[in-house]
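Source file: target29.cif. Holds: mmCIF, C-alpha atoms.
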```cif
data_protein
#
loop_
_atom_site.label_atom_id
_atom_site.label_comp_id
_atom_site.auth_asym_id
_atom_site.auth_seq_id
_atom_site.Cartn_x
_atom_site.Cartn_y
_atom_site.Cartn_z
CA MET O 7 -25.10 1.13 -22.37
CA THR O 8 -22.41 3.31 -23.96
CA SER O 9 -19.77 1.67 -26.13
CA LEU O 10 -16.44 2.92 -27.51
CA CYS O 11 -14.35 1.46 -30.31
CA ARG O 12 -10.73 1.64 -29.22
CA ASP O 13 -9.52 1.45 -32.81
CA CYS O 14 -11.47 4.21 -34.54
CA LEU O 15 -12.76 6.00 -31.39
CA THR O 16 -16.40 5.82 -32.47
CA CYS O 17 -18.98 6.04 -29.67
CA PHE O 18 -22.25 4.14 -30.18
CA PRO O 19 -25.20 2.88 -28.10
CA GLY O 20 -23.97 -0.70 -27.70
CA GLY O 21 -22.85 -3.87 -29.41
CA ALA O 22 -19.99 -6.32 -29.67
CA ARG O 23 -18.53 -4.78 -32.84
CA CYS O 24 -17.99 -1.21 -33.96
CA PRO O 25 -20.59 -0.18 -36.56
CA ALA O 26 -18.06 2.18 -38.18
CA CYS O 27 -15.00 -0.07 -38.66
CA GLY O 28 -16.41 -3.50 -37.80
CA ARG O 29 -13.68 -4.30 -35.31
CA PRO O 30 -14.30 -6.04 -31.97
CA ARG O 31 -12.00 -3.94 -29.74
CA VAL O 32 -14.97 -2.38 -28.00
CA VAL O 33 -15.36 -1.29 -24.37
CA SER O 34 -18.92 -0.95 -23.06
CA HIS O 35 -20.20 0.30 -19.72
CA PRO O 36 -23.24 2.24 -18.44
CA GLU O 37 -20.98 4.84 -16.79
CA LEU O 38 -18.37 5.03 -19.56
CA SER O 39 -19.04 8.68 -20.38
CA GLU O 40 -19.17 9.79 -16.71
CA LEU O 41 -16.01 8.40 -15.06
CA THR O 42 -12.92 10.63 -14.92
CA ILE O 43 -10.16 8.99 -12.83
CA ALA O 44 -7.77 6.77 -14.79
CA HIS O 45 -4.64 4.71 -14.30
CA MET O 46 -2.43 4.11 -17.35
CA ASP O 47 0.10 1.29 -17.11
CA CYS O 48 2.51 0.55 -19.96
CA ASP O 49 2.55 -3.11 -20.97
CA ALA O 50 5.86 -4.78 -19.96
CA PHE O 51 7.46 -1.38 -20.47
CA TYR O 52 11.20 -2.13 -20.45
CA ALA O 53 10.76 -5.30 -22.50
CA SER O 54 8.51 -3.45 -24.96
CA VAL O 55 11.17 -0.79 -25.51
CA GLU O 56 13.78 -3.50 -26.14
CA LYS O 57 11.53 -5.26 -28.67
CA ARG O 58 10.76 -1.98 -30.38
CA ASP O 59 14.46 -1.15 -30.75
CA ASN O 60 15.48 -4.67 -31.82
CA PRO O 61 12.91 -6.26 -34.17
CA ALA O 62 14.75 -9.60 -33.90
CA LEU O 63 13.35 -9.85 -30.34
CA ARG O 64 9.73 -9.33 -31.37
CA ASP O 65 8.59 -12.96 -31.25
CA VAL O 66 10.95 -14.34 -28.58
CA PRO O 67 10.71 -14.25 -24.77
CA VAL O 68 12.65 -11.28 -23.39
CA ILE O 69 13.74 -10.76 -19.79
CA VAL O 70 15.19 -7.42 -18.72
CA GLY O 71 17.54 -7.80 -15.77
CA GLY O 72 21.07 -8.75 -14.95
CA GLY O 73 23.28 -11.68 -14.09
CA GLN O 74 22.64 -15.24 -13.01
CA ARG O 75 22.17 -14.06 -9.40
CA GLY O 76 20.34 -10.87 -10.28
CA VAL O 77 16.61 -10.44 -10.44
CA VAL O 78 14.08 -9.90 -13.21
CA THR O 79 13.30 -6.23 -13.71
CA THR O 80 10.51 -7.02 -16.15
CA ALA O 81 9.58 -9.73 -18.63
CA CYS O 82 7.62 -9.65 -21.86
CA TYR O 83 4.29 -11.44 -22.01
CA ILE O 84 5.75 -14.43 -23.86
CA ALA O 85 8.05 -15.02 -20.87
CA ARG O 86 5.24 -14.31 -18.39
CA ILE O 87 3.20 -17.13 -19.88
CA ARG O 88 6.05 -19.41 -18.77
CA GLY O 89 5.75 -18.11 -15.19
CA VAL O 90 8.46 -15.42 -15.24
CA HIS O 91 7.62 -12.28 -13.28
CA SER O 92 9.26 -9.13 -11.91
CA ALA O 93 11.56 -9.50 -8.86
CA MET O 94 12.03 -13.23 -9.56
CA PRO O 95 15.63 -14.46 -9.18
CA MET O 96 17.22 -14.66 -12.61
CA PHE O 97 18.32 -18.27 -12.21
CA LYS O 98 14.73 -19.31 -11.53
CA ALA O 99 13.42 -17.29 -14.47
CA LEU O 100 15.86 -19.04 -16.80
CA GLN O 101 14.84 -22.42 -15.42
CA LEU O 102 11.24 -21.63 -16.34
CA CYS O 103 12.13 -20.09 -19.70
CA PRO O 104 15.62 -21.23 -20.77
CA GLU O 105 15.23 -19.88 -24.31
CA ALA O 106 14.66 -16.31 -23.07
CA VAL O 107 16.93 -13.51 -24.23
CA VAL O 108 18.24 -11.56 -21.23
CA VAL O 109 18.81 -7.85 -21.84
CA LYS O 110 20.52 -5.45 -19.46
CA PRO O 111 18.34 -2.43 -18.53
CA ARG O 112 18.90 0.81 -20.46
CA LEU O 113 17.45 3.27 -17.97
CA LYS O 114 18.28 6.41 -19.93
CA VAL O 115 16.37 5.12 -22.96
CA TYR O 116 13.40 4.13 -20.79
CA ALA O 117 13.42 7.58 -19.17
CA GLU O 118 13.35 9.25 -22.60
CA VAL O 119 10.33 7.19 -23.67
CA SER O 120 8.66 7.88 -20.32
CA ARG O 121 9.09 11.62 -20.80
CA ALA O 122 7.46 11.41 -24.23
CA ILE O 123 4.49 9.51 -22.77
CA ARG O 124 4.23 12.00 -19.91
CA GLN O 125 4.03 14.86 -22.40
CA MET O 126 1.18 13.11 -24.22
CA MET O 127 -0.67 12.79 -20.90
CA LEU O 128 -0.13 16.45 -20.04
CA GLU O 129 -1.71 17.43 -23.34
CA LEU O 130 -4.90 15.81 -22.03
CA THR O 131 -4.85 17.12 -18.45
CA PRO O 132 -2.46 18.90 -16.07
CA ALA O 133 -3.55 16.46 -13.33
CA VAL O 134 -1.04 13.67 -14.00
CA GLU O 135 0.50 11.83 -11.04
CA PRO O 136 3.40 9.58 -12.09
CA LEU O 137 3.98 6.45 -10.01
CA SER O 138 7.05 5.29 -11.95
CA LEU O 139 8.48 5.53 -15.44
CA ASP O 140 5.70 3.37 -16.86
CA GLU O 141 2.51 4.22 -14.98
CA ALA O 142 0.53 7.23 -13.83
CA PHE O 143 -2.84 8.40 -12.56
CA LEU O 144 -4.80 10.95 -14.59
CA ASP O 145 -7.77 13.07 -13.54
CA LEU O 146 -9.72 14.16 -16.61
CA GLY O 147 -12.57 15.80 -14.70
CA GLY O 148 -13.58 19.02 -16.47
CA THR O 149 -11.64 18.27 -19.67
CA GLN O 150 -14.61 17.25 -21.84
CA ARG O 151 -15.42 20.83 -22.80
CA LEU O 152 -11.77 21.46 -23.68
CA HIS O 153 -11.36 18.37 -25.88
CA GLY O 154 -14.91 17.91 -27.06
CA HIS O 155 -14.92 14.24 -26.03
CA PRO O 156 -15.48 12.34 -22.77
CA PRO O 157 -12.41 11.08 -20.85
CA ALA O 158 -12.81 7.50 -22.11
CA VAL O 159 -12.32 8.63 -25.72
CA MET O 160 -9.25 10.71 -24.84
CA LEU O 161 -7.70 7.79 -22.95
CA ALA O 162 -8.26 5.43 -25.88
CA ARG O 163 -6.68 8.05 -28.14
CA LEU O 164 -3.71 8.30 -25.75
CA VAL O 165 -2.80 4.60 -25.92
CA ARG O 166 -3.41 4.54 -29.67
CA ARG O 167 -1.00 7.47 -30.07
CA MET O 168 1.57 5.82 -27.78
CA GLN O 169 1.53 2.76 -30.01
CA ALA O 170 1.68 4.73 -33.27
CA ASP O 171 4.30 7.32 -32.27
CA LEU O 172 6.44 5.42 -29.77
CA GLY O 173 5.76 1.73 -30.43
CA ILE O 174 4.68 1.22 -26.80
CA GLY O 175 1.36 -0.29 -25.69
CA GLY O 176 -0.53 0.51 -22.54
CA SER O 177 -3.56 -0.56 -20.53
CA ILE O 178 -6.19 1.77 -19.08
CA GLY O 179 -8.20 1.46 -15.89
CA LEU O 180 -11.10 3.93 -15.60
CA SER O 181 -13.16 4.44 -12.45
CA HIS O 182 -14.35 6.98 -9.87
CA ASN O 183 -11.24 6.91 -7.65
CA LYS O 184 -7.54 6.03 -7.71
CA PHE O 185 -7.82 2.75 -5.83
CA LEU O 186 -10.32 1.26 -8.29
CA ALA O 187 -8.67 2.77 -11.37
CA LYS O 188 -5.41 1.00 -10.52
CA ILE O 189 -7.22 -2.29 -9.96
CA ALA O 190 -9.04 -1.87 -13.29
CA SER O 191 -5.84 -1.35 -15.29
CA ASP O 192 -4.64 -4.83 -14.26
CA LEU O 193 -7.84 -6.65 -15.25
CA ASP O 194 -7.21 -6.99 -18.98
CA LYS O 195 -3.52 -6.71 -19.86
CA PRO O 196 -1.93 -6.21 -22.32
CA ARG O 197 -3.66 -3.48 -24.36
CA GLY O 198 -6.63 -3.52 -22.03
CA PHE O 199 -9.30 -0.97 -21.19
CA SER O 200 -11.32 -1.86 -18.10
CA VAL O 201 -13.98 0.09 -16.24
CA ILE O 202 -15.27 -0.15 -12.67
CA GLY O 203 -18.33 2.04 -12.15
CA LYS O 204 -19.84 3.41 -8.95
CA ALA O 205 -22.93 1.23 -9.14
CA GLU O 206 -20.98 -2.02 -9.33
CA THR O 207 -18.20 -1.21 -6.83
CA THR O 208 -19.55 -3.18 -3.87
CA ALA O 209 -20.46 -6.26 -5.92
CA PHE O 210 -17.13 -6.16 -7.78
CA LEU O 211 -15.01 -6.05 -4.62
CA ARG O 212 -16.95 -8.41 -2.37
CA ASP O 213 -15.31 -11.74 -3.27
CA LYS O 214 -11.87 -10.41 -4.21
CA PRO O 215 -8.80 -11.40 -2.14
CA VAL O 216 -7.42 -8.79 0.24
CA SER O 217 -4.12 -9.02 -1.65
CA MET O 218 -5.85 -6.97 -4.37
CA ILE O 219 -5.81 -3.95 -2.06
CA TRP O 220 -2.99 -1.57 -2.89
CA GLY O 221 -0.37 -1.69 -0.13
CA VAL O 222 -1.12 -5.18 1.16
CA GLY O 223 2.25 -6.91 0.94
CA ARG O 224 3.50 -10.18 2.40
CA ALA O 225 3.74 -8.92 5.98
CA THR O 226 0.26 -7.39 5.98
CA GLN O 227 -1.14 -10.46 4.23
CA ALA O 228 0.30 -12.69 6.96
CA ALA O 229 -1.20 -10.50 9.68
CA LEU O 230 -4.58 -10.54 7.96
CA ASP O 231 -4.40 -14.33 7.54
CA ALA O 232 -3.76 -14.67 11.27
CA ALA O 233 -6.94 -12.67 11.89
CA GLY O 234 -8.93 -14.88 9.50
CA ILE O 235 -9.19 -12.16 6.86
CA ARG O 236 -8.59 -13.51 3.37
CA SER O 237 -11.23 -11.83 1.22
CA ILE O 238 -12.74 -8.37 1.11
CA SER O 239 -15.96 -10.00 2.33
CA ASP O 240 -14.07 -10.93 5.50
CA LEU O 241 -12.98 -7.30 5.90
CA LEU O 242 -16.56 -6.08 5.55
CA ARG O 243 -17.52 -8.06 8.64
CA TRP O 244 -15.07 -6.14 10.81
CA ASP O 245 -15.98 -2.96 12.62
CA ARG O 246 -13.84 0.03 11.65
CA LYS O 247 -12.78 0.61 15.27
CA ASP O 248 -11.67 -3.03 15.67
CA LEU O 249 -9.65 -2.93 12.45
CA HIS O 250 -7.91 0.24 13.58
CA SER O 251 -7.25 -1.25 17.02
CA ARG O 252 -5.61 -4.35 15.53
CA PHE O 253 -3.84 -2.95 12.46
CA GLY O 254 -3.42 0.74 13.25
CA SER O 255 -3.72 3.25 10.39
CA MET O 256 -3.57 0.37 7.90
CA GLY O 257 -6.79 -0.97 9.45
CA ASP O 258 -8.55 2.31 8.74
CA ARG O 259 -7.30 2.23 5.16
CA LEU O 260 -8.50 -1.37 4.75
CA TRP O 261 -11.98 -0.44 6.04
CA HIS O 262 -12.36 2.30 3.42
CA PHE O 263 -10.85 0.36 0.51
CA ALA O 264 -13.04 -2.68 1.23
CA ARG O 265 -15.98 -0.38 0.53
CA GLY O 266 -14.40 1.11 -2.58
CA GLN O 267 -13.83 4.46 -0.86
CA ASP O 268 -10.74 6.50 -1.73
CA VAL O 269 -10.67 10.27 -1.29
CA ARG O 270 -7.06 10.78 -2.41
CA ARG O 271 -6.74 13.29 -5.22
CA VAL O 272 -4.59 12.85 -8.30
CA SER O 273 -1.60 14.94 -7.27
CA PRO O 274 0.72 16.19 -10.03
CA ASP O 275 3.29 17.22 -7.43
CA ALA O 276 3.65 13.90 -5.60
CA PRO O 277 7.34 13.94 -4.64
CA VAL O 278 9.99 11.34 -5.45
CA ARG O 279 11.33 10.38 -2.01
CA SER O 280 14.58 8.65 -2.97
CA ILE O 281 16.70 7.44 -5.87
CA SER O 282 18.68 4.22 -5.53
CA LYS O 283 20.37 1.49 -7.51
CA GLU O 284 21.71 -1.88 -6.43
CA THR O 285 23.35 -4.91 -7.99
CA THR O 286 23.60 -8.59 -7.03
CA PHE O 287 26.95 -10.30 -7.65
CA SER O 288 27.32 -13.52 -9.61
CA VAL O 289 29.81 -14.65 -6.92
CA ASP O 290 29.95 -13.38 -3.33
CA THR O 291 32.87 -11.03 -2.81
CA GLY O 292 34.60 -9.09 -0.08
CA ALA O 293 37.35 -7.71 -2.37
CA THR O 294 37.60 -3.97 -1.75
CA GLU O 295 38.85 -3.22 -5.27
CA ILE O 296 35.83 -4.97 -6.83
CA LEU O 297 33.38 -3.36 -4.41
CA ASP O 298 34.91 0.05 -5.07
CA GLY O 299 34.20 -0.35 -8.79
CA HIS O 300 30.60 -1.24 -8.04
CA ILE O 301 30.20 1.73 -5.69
CA TRP O 302 31.38 4.05 -8.46
CA ARG O 303 29.08 2.54 -11.11
CA LEU O 304 26.08 2.67 -8.77
CA ALA O 305 26.88 6.25 -7.77
CA GLU O 306 27.05 7.17 -11.45
CA GLN O 307 23.67 5.57 -12.15
CA VAL O 308 22.06 7.28 -9.16
CA SER O 309 23.59 10.57 -10.31
CA ASP O 310 22.24 10.09 -13.84
CA ARG O 311 18.73 9.47 -12.52
CA ALA O 312 18.88 12.49 -10.21
CA LYS O 313 20.11 14.76 -13.01
CA ALA O 314 17.46 13.44 -15.42
CA ARG O 315 14.75 14.32 -12.89
CA GLY O 316 16.23 17.70 -11.94
CA LEU O 317 16.87 16.60 -8.35
CA ALA O 318 19.65 16.51 -5.75
CA GLY O 319 19.83 14.78 -2.37
CA ARG O 320 21.03 15.58 1.14
CA VAL O 321 21.57 11.98 2.31
CA VAL O 322 23.73 9.23 0.75
CA THR O 323 23.00 5.61 1.69
CA LEU O 324 25.11 2.47 1.28
CA LYS O 325 23.46 -0.95 1.43
CA LEU O 326 25.27 -4.29 1.62
CA LYS O 327 23.80 -7.76 1.88
CA ARG O 328 26.06 -10.45 3.31
CA SER O 329 26.15 -14.01 2.00
CA ASP O 330 23.96 -15.02 4.99
CA HIS O 331 21.38 -12.42 3.75
CA LYS O 332 21.99 -10.06 6.68
CA VAL O 333 21.51 -6.50 5.38
CA LEU O 334 23.86 -3.72 6.49
CA THR O 335 22.69 -0.15 5.82
CA ARG O 336 24.66 3.01 6.53
CA ARG O 337 23.79 6.61 5.66
CA THR O 338 25.36 10.01 5.98
CA GLY O 339 23.99 13.54 5.72
CA LEU O 340 25.61 16.14 3.46
CA ARG O 341 26.20 19.80 4.20
CA ASP O 342 24.84 20.63 0.74
CA ALA O 343 22.57 18.56 -1.45
CA THR O 344 24.29 17.00 -4.46
CA HIS O 345 23.62 15.11 -7.67
CA TYR O 346 27.23 14.72 -8.71
CA ALA O 347 28.47 11.14 -9.12
CA ASP O 348 31.88 12.04 -7.70
CA HIS O 349 30.36 13.39 -4.47
CA ILE O 350 27.92 10.48 -4.09
CA TYR O 351 30.73 7.98 -4.71
CA ARG O 352 33.09 9.54 -2.17
CA LYS O 353 30.45 9.59 0.56
CA ALA O 354 29.37 6.01 -0.20
CA ARG O 355 33.02 4.89 -0.20
CA ASP O 356 33.55 6.59 3.17
CA LEU O 357 30.58 4.64 4.53
CA TYR O 358 32.11 1.42 3.24
CA ASP O 359 35.50 2.22 4.81
CA GLN O 360 33.82 2.90 8.17
CA LEU O 361 31.79 -0.31 8.08
CA GLY O 362 34.44 -2.59 9.58
CA ASP O 363 32.88 -5.69 8.01
CA ALA O 364 34.90 -7.78 5.55
CA GLY O 365 31.94 -9.57 3.97
CA PRO O 366 31.69 -11.47 1.72
CA TYR O 367 28.70 -9.76 0.16
CA ARG O 368 26.12 -10.84 -2.41
CA LEU O 369 24.56 -7.41 -3.05
CA ILE O 370 25.54 -3.76 -2.89
CA GLY O 371 23.42 -0.63 -3.32
CA VAL O 372 23.81 3.15 -3.29
CA GLY O 373 20.99 5.63 -2.68
CA LEU O 374 20.23 9.33 -2.50
CA SER O 375 17.38 10.72 -0.37
CA GLU O 376 15.97 13.91 1.20
CA LEU O 377 15.60 15.14 -2.35
CA VAL O 378 15.44 18.82 -3.35
CA PRO O 379 15.46 20.69 -6.70
CA ALA O 380 18.75 20.47 -8.59
CA ALA O 381 19.19 24.25 -8.28
CA MET O 382 20.01 23.65 -4.60
CA ALA O 383 22.92 21.29 -5.39
CA ASP O 384 26.41 22.09 -4.10
CA LEU O 385 25.71 25.74 -3.34
CA SER O 386 28.60 26.45 -0.97
CA GLY O 387 31.33 24.27 -2.46
CA ASP O 388 33.80 22.21 -0.43
CA LEU O 389 36.51 24.31 1.18
CA LEU O 390 38.12 21.20 2.68
CA ASP O 391 38.52 19.55 -0.74
CA PRO O 392 40.19 21.96 -3.18
CA GLY O 393 39.96 19.38 -5.98
CA ALA O 394 36.16 19.10 -5.76
CA ALA O 395 35.42 22.02 -8.10
CA ARG O 396 37.77 20.61 -10.75
CA ARG O 397 36.17 17.16 -10.54
CA LYS O 398 32.67 18.63 -10.83
CA ALA O 399 33.70 20.62 -13.90
CA ALA O 400 35.11 17.43 -15.42
CA GLU O 401 31.86 15.60 -14.65
CA ARG O 402 29.80 18.32 -16.34
CA ALA O 403 32.02 18.04 -19.41
CA THR O 404 31.65 14.25 -19.36
CA ASP O 405 27.85 14.57 -19.17
CA ALA O 406 27.86 16.87 -22.20
CA ILE O 407 30.00 14.46 -24.23
CA ARG O 408 27.81 11.49 -23.30
CA ALA O 409 24.66 13.41 -24.18
CA ARG O 410 26.08 13.99 -27.66
CA PHE O 411 27.93 10.74 -28.38
CA GLY O 412 26.32 8.15 -26.10
CA ALA O 413 26.70 6.78 -22.58
CA LYS O 414 29.84 4.78 -23.42
CA ALA O 415 31.74 7.66 -25.01
CA ILE O 416 33.73 8.17 -21.78
CA VAL O 417 34.29 5.53 -19.10
CA ARG O 418 36.14 6.13 -15.82
CA GLY O 419 38.98 3.74 -15.05
CA ARG O 420 37.47 2.66 -11.72
CA ALA O 421 34.26 1.68 -13.56
CA LEU O 422 36.22 -1.12 -15.27
CA ARG O 423 36.99 -2.91 -12.00
#
```

Give the structure from the file, written as structure tokens.
Amino acid sequence: MTSLCRDCLTCFPGGARCPACGRPRVVSHPELSELTIAHMDCDAFYASVEKRDNPALRDVPVIVGGGQRGVVTTACYIARIRGVHSAMPMFKALQLCPEAVVVKPRLKVYAEVSRAIRQMMLELTPAVEPLSLDEAFLDLGGTQRLHGHPPAVMLARLVRRMQADLGIGGSIGLSHNKFLAKIASDLDKPRGFSVIGKAETTAFLRDKPVSMIWGVGRATQAALDAAGIRSISDLLRWDRKDLHSRFGSMGDRLWHFARGQDVRRVSPDAPVRSISKETTFSVDTGATEILDGHIWRLAEQVSDRAKARGLAGRVVTLKLKRSDHKVLTRRTGLRDATHYADHIYRKARDLYDQLGDAGPYRLIGVGLSELVPAAMADLSGDLLDPGAARRKAAERATDAIRARFGAKAIVRGRALR
């Protein structure tokens, strides 16, 4: 049995406490020095950043999200103990935890912290596959000779450095493939380090619910329930051909995952497919002037995200949810890809004008898809709109001022609606 102290990084044959520093934060496993595929997940990332930047929030429940009719983006662990979780309606979260402090998301700040964490990962291995701002897969196969330590030690050093340099904690899952590494990272949060080895894979998975399988959402869960499949043991009783016949390609995926098999590689170049932002209103509205202001703000936020990632998009999407929860989605293709807020706004506003539906609405969203590198943005210009070049120049100047003096240094008039 190999053991690792996560505080001082000492490796030793085994034991509940580190012989070097005497601390109990020890991870032990027979395959600890052999496994190379990891999943790192920041602990309550957005809430952790808010607590780091405002020490007064350290010991209070914090919910990051917006509005009484919005949803929870993330919640700190104090709030989670009270039952608050991501995607929960804000009104319900505040019923469960009325003393919580609600903080609006600061996506630019989170992106900056994410970039710093990403750089730390890349110093360990070039094989980093981000899943979002706060989580990523890492393949550390072949890095032991470079660093002089097995992957487990380098991963423990990573989260220790994240805490020391950035004030952000993270949990590690270490295994022999991506599927199991992601499961492992959720086993002991926050500040966890969990291992699932090859020898124990079958026994570990056997009695777990099928909901543990990555990609099994509510719809798939309902279909599996209808087939009498509730645990991975139930899946193991099905023939691969029968699973594929009933569930299509998902059935084939379920057959492999139930056996702990996952041949997907950690891919550093996994593409971002779309960038979107939406907001839920505190009161349903069909007022065009109010909706126009929201379209502009959402377009600006989508633009900021695209620019931060060095991307542009060829398709603009507008999403509206009526008060009866019916969702209306419209999209339009662009002649040239763009990441400019002005262009995204104008196309989204055109989609709204063409909709022919007066609402009222409870939610509105704007998105950008068919993404390409930013160098391909607005290559040919807009001959039918002679003011476009001037507006783009003004937007570039605005971006420069905001980068120097802060996001609120310049605010468009329509954003105040």

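Applied to the file shown here, the PyMOL selection byres ((chain O and resi 165-182) around 6) selects Leu41, Ile43, Ala44, His45, Met46, Asp47, Cys48, Asp49, Ala162, Arg163, Leu164, Asn183, Leu186, Ala187, Ala190, Ser191, Arg197, Gly198, Phe199, Ser200, Val201, Ile202 and Gly203 of chain O.
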
| query | So which residues are close to (-5.3, 17.2, -6.0), meaning at most 10 Å away in the file's coordinates with only C-alpha atoms counted, and can you show them as a count of residues only? | reply | 12

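Residues in contact with Glu306 of chain O at 9 Å, where all atoms listed in the file are counted and same-chain residues fewer than 5 positions away are skipped, are listed as Ile301, Arg311, Tyr346, Ala347, Asp348, Ile350 and Tyr351 of chain O.
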
| task | Fewer than 4 positions away in the same chain doesn't count, so skip those; otherwise give me all residues within 7 Å of segment 52-55 of chain O, counting all atoms listed in the file, as a PyMOL selection string. | result | chain O and resi 59+68-70+80-82+116+174

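Coordinates place atom CA of Gln125 of chain O at a distance of 19.0 Å from atom CA of Gly148 of chain O.
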
| request: Translate the PyMOL selection byres ((chain O and resi 326) around 6), as applied to the file shown, into an explicit residue set as number ranges by chain. | output: O: 325, 327, 333-334, 369-370

| task | Please identify all polymer residues within 7 Å of Pro215 of chain O, counting only C-alpha atoms, omitting same-chain residues fewer than 6 positions from it, and present them as a ChimeraX atom specification. | result | /O:236-238

Write to file, as a PDB file, in the frame of the given file, the residues of the selection just made, with C-alpha atoms.
```pdb
ATOM      1  CA  ARG O 236      -8.590 -13.510   3.370  1.00  0.00           C
ATOM      2  CA  SER O 237     -11.230 -11.830   1.220  1.00  0.00           C
ATOM      3  CA  ILE O 238     -12.740  -8.370   1.110  1.00  0.00           C
TER       4      ILE O 238
END
```

| query | Which residues match the PyMOL selection byres ((chain O and resi 255-262) around 12) in the file above, as a PyMOL selection string? | reply | chain O and resi 185-186+208+211+216-223+225-227+229-230+233+235+237-254+263-270

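The two atoms in question, atom CA of Ser9 of chain O and atom CA of Pro30 of chain O, are spaced 11.1 Å apart.
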
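Atom pair atom CA of Lys332 of chain O / atom CA of Gly373 of chain O has a distance of 18.3 Å (rounded to one decimal).
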
Fill-in result for segment 256-267 of chain O, N, CA, C and O atoms as an mmCIF file, in the coordinates of the input:
```cif
data_model
loop_
_atom_site.group_PDB
_atom_site.id
_atom_site.type_symbol
_atom_site.label_atom_id
_atom_site.label_comp_id
_atom_site.auth_asym_id
_atom_site.auth_seq_id
_atom_site.Cartn_x
_atom_site.Cartn_y
_atom_site.Cartn_z
ATOM 1 N N MET O 256 -3.298 1.265 9.017
ATOM 2 C CA MET O 256 -3.570 0.370 7.900
ATOM 3 C C MET O 256 -4.977 -0.212 8.015
ATOM 4 O O MET O 256 -5.665 -0.430 7.011
ATOM 5 N N GLY O 257 -5.443 -0.451 9.243
ATOM 6 C CA GLY O 257 -6.790 -0.970 9.450
ATOM 7 C C GLY O 257 -7.848 0.006 8.965
ATOM 8 O O GLY O 257 -8.855 -0.389 8.367
ATOM 9 N N ASP O 258 -7.613 1.283 9.202
ATOM 10 C CA ASP O 258 -8.550 2.310 8.740
ATOM 11 C C ASP O 258 -8.579 2.355 7.216
ATOM 12 O O ASP O 258 -9.641 2.477 6.595
ATOM 13 N N ARG O 259 -7.402 2.233 6.628
ATOM 14 C CA ARG O 259 -7.300 2.230 5.160
ATOM 15 C C ARG O 259 -8.021 1.007 4.578
ATOM 16 O O ARG O 259 -8.737 1.118 3.583
ATOM 17 N N LEU O 260 -7.849 -0.155 5.218
ATOM 18 C CA LEU O 260 -8.500 -1.370 4.750
ATOM 19 C C LEU O 260 -10.023 -1.239 4.818
ATOM 20 O O LEU O 260 -10.734 -1.709 3.923
ATOM 21 N N TRP O 261 -10.533 -0.608 5.885
ATOM 22 C CA TRP O 261 -11.980 -0.440 6.040
ATOM 23 C C TRP O 261 -12.547 0.361 4.877
ATOM 24 O O TRP O 261 -13.572 0.003 4.294
ATOM 25 N N HIS O 262 -11.875 1.451 4.511
ATOM 26 C CA HIS O 262 -12.360 2.300 3.420
ATOM 27 C C HIS O 262 -12.218 1.600 2.061
ATOM 28 O O HIS O 262 -13.153 1.613 1.250
ATOM 29 N N PHE O 263 -11.069 0.995 1.806
ATOM 30 C CA PHE O 263 -10.850 0.360 0.510
ATOM 31 C C PHE O 263 -11.786 -0.823 0.298
ATOM 32 O O PHE O 263 -12.216 -1.087 -0.831
ATOM 33 N N ALA O 264 -12.112 -1.553 1.364
ATOM 34 C CA ALA O 264 -13.040 -2.680 1.230
ATOM 35 C C ALA O 264 -14.404 -2.215 0.744
ATOM 36 O O ALA O 264 -15.160 -2.980 0.133
ATOM 37 N N ARG O 265 -14.718 -0.963 0.965
ATOM 38 C CA ARG O 265 -15.980 -0.380 0.530
ATOM 39 C C ARG O 265 -15.821 0.454 -0.744
ATOM 40 O O ARG O 265 -16.753 1.175 -1.150
ATOM 41 N N GLY O 266 -14.639 0.377 -1.345
ATOM 42 C CA GLY O 266 -14.400 1.110 -2.580
ATOM 43 C C GLY O 266 -14.293 2.600 -2.386
ATOM 44 O O GLY O 266 -14.506 3.377 -3.328
ATOM 45 N N GLN O 267 -13.924 3.027 -1.175
ATOM 46 C CA GLN O 267 -13.830 4.460 -0.860
ATOM 47 C C GLN O 267 -12.363 4.903 -0.883
ATOM 48 O O GLN O 267 -11.507 4.293 -0.235
#
```
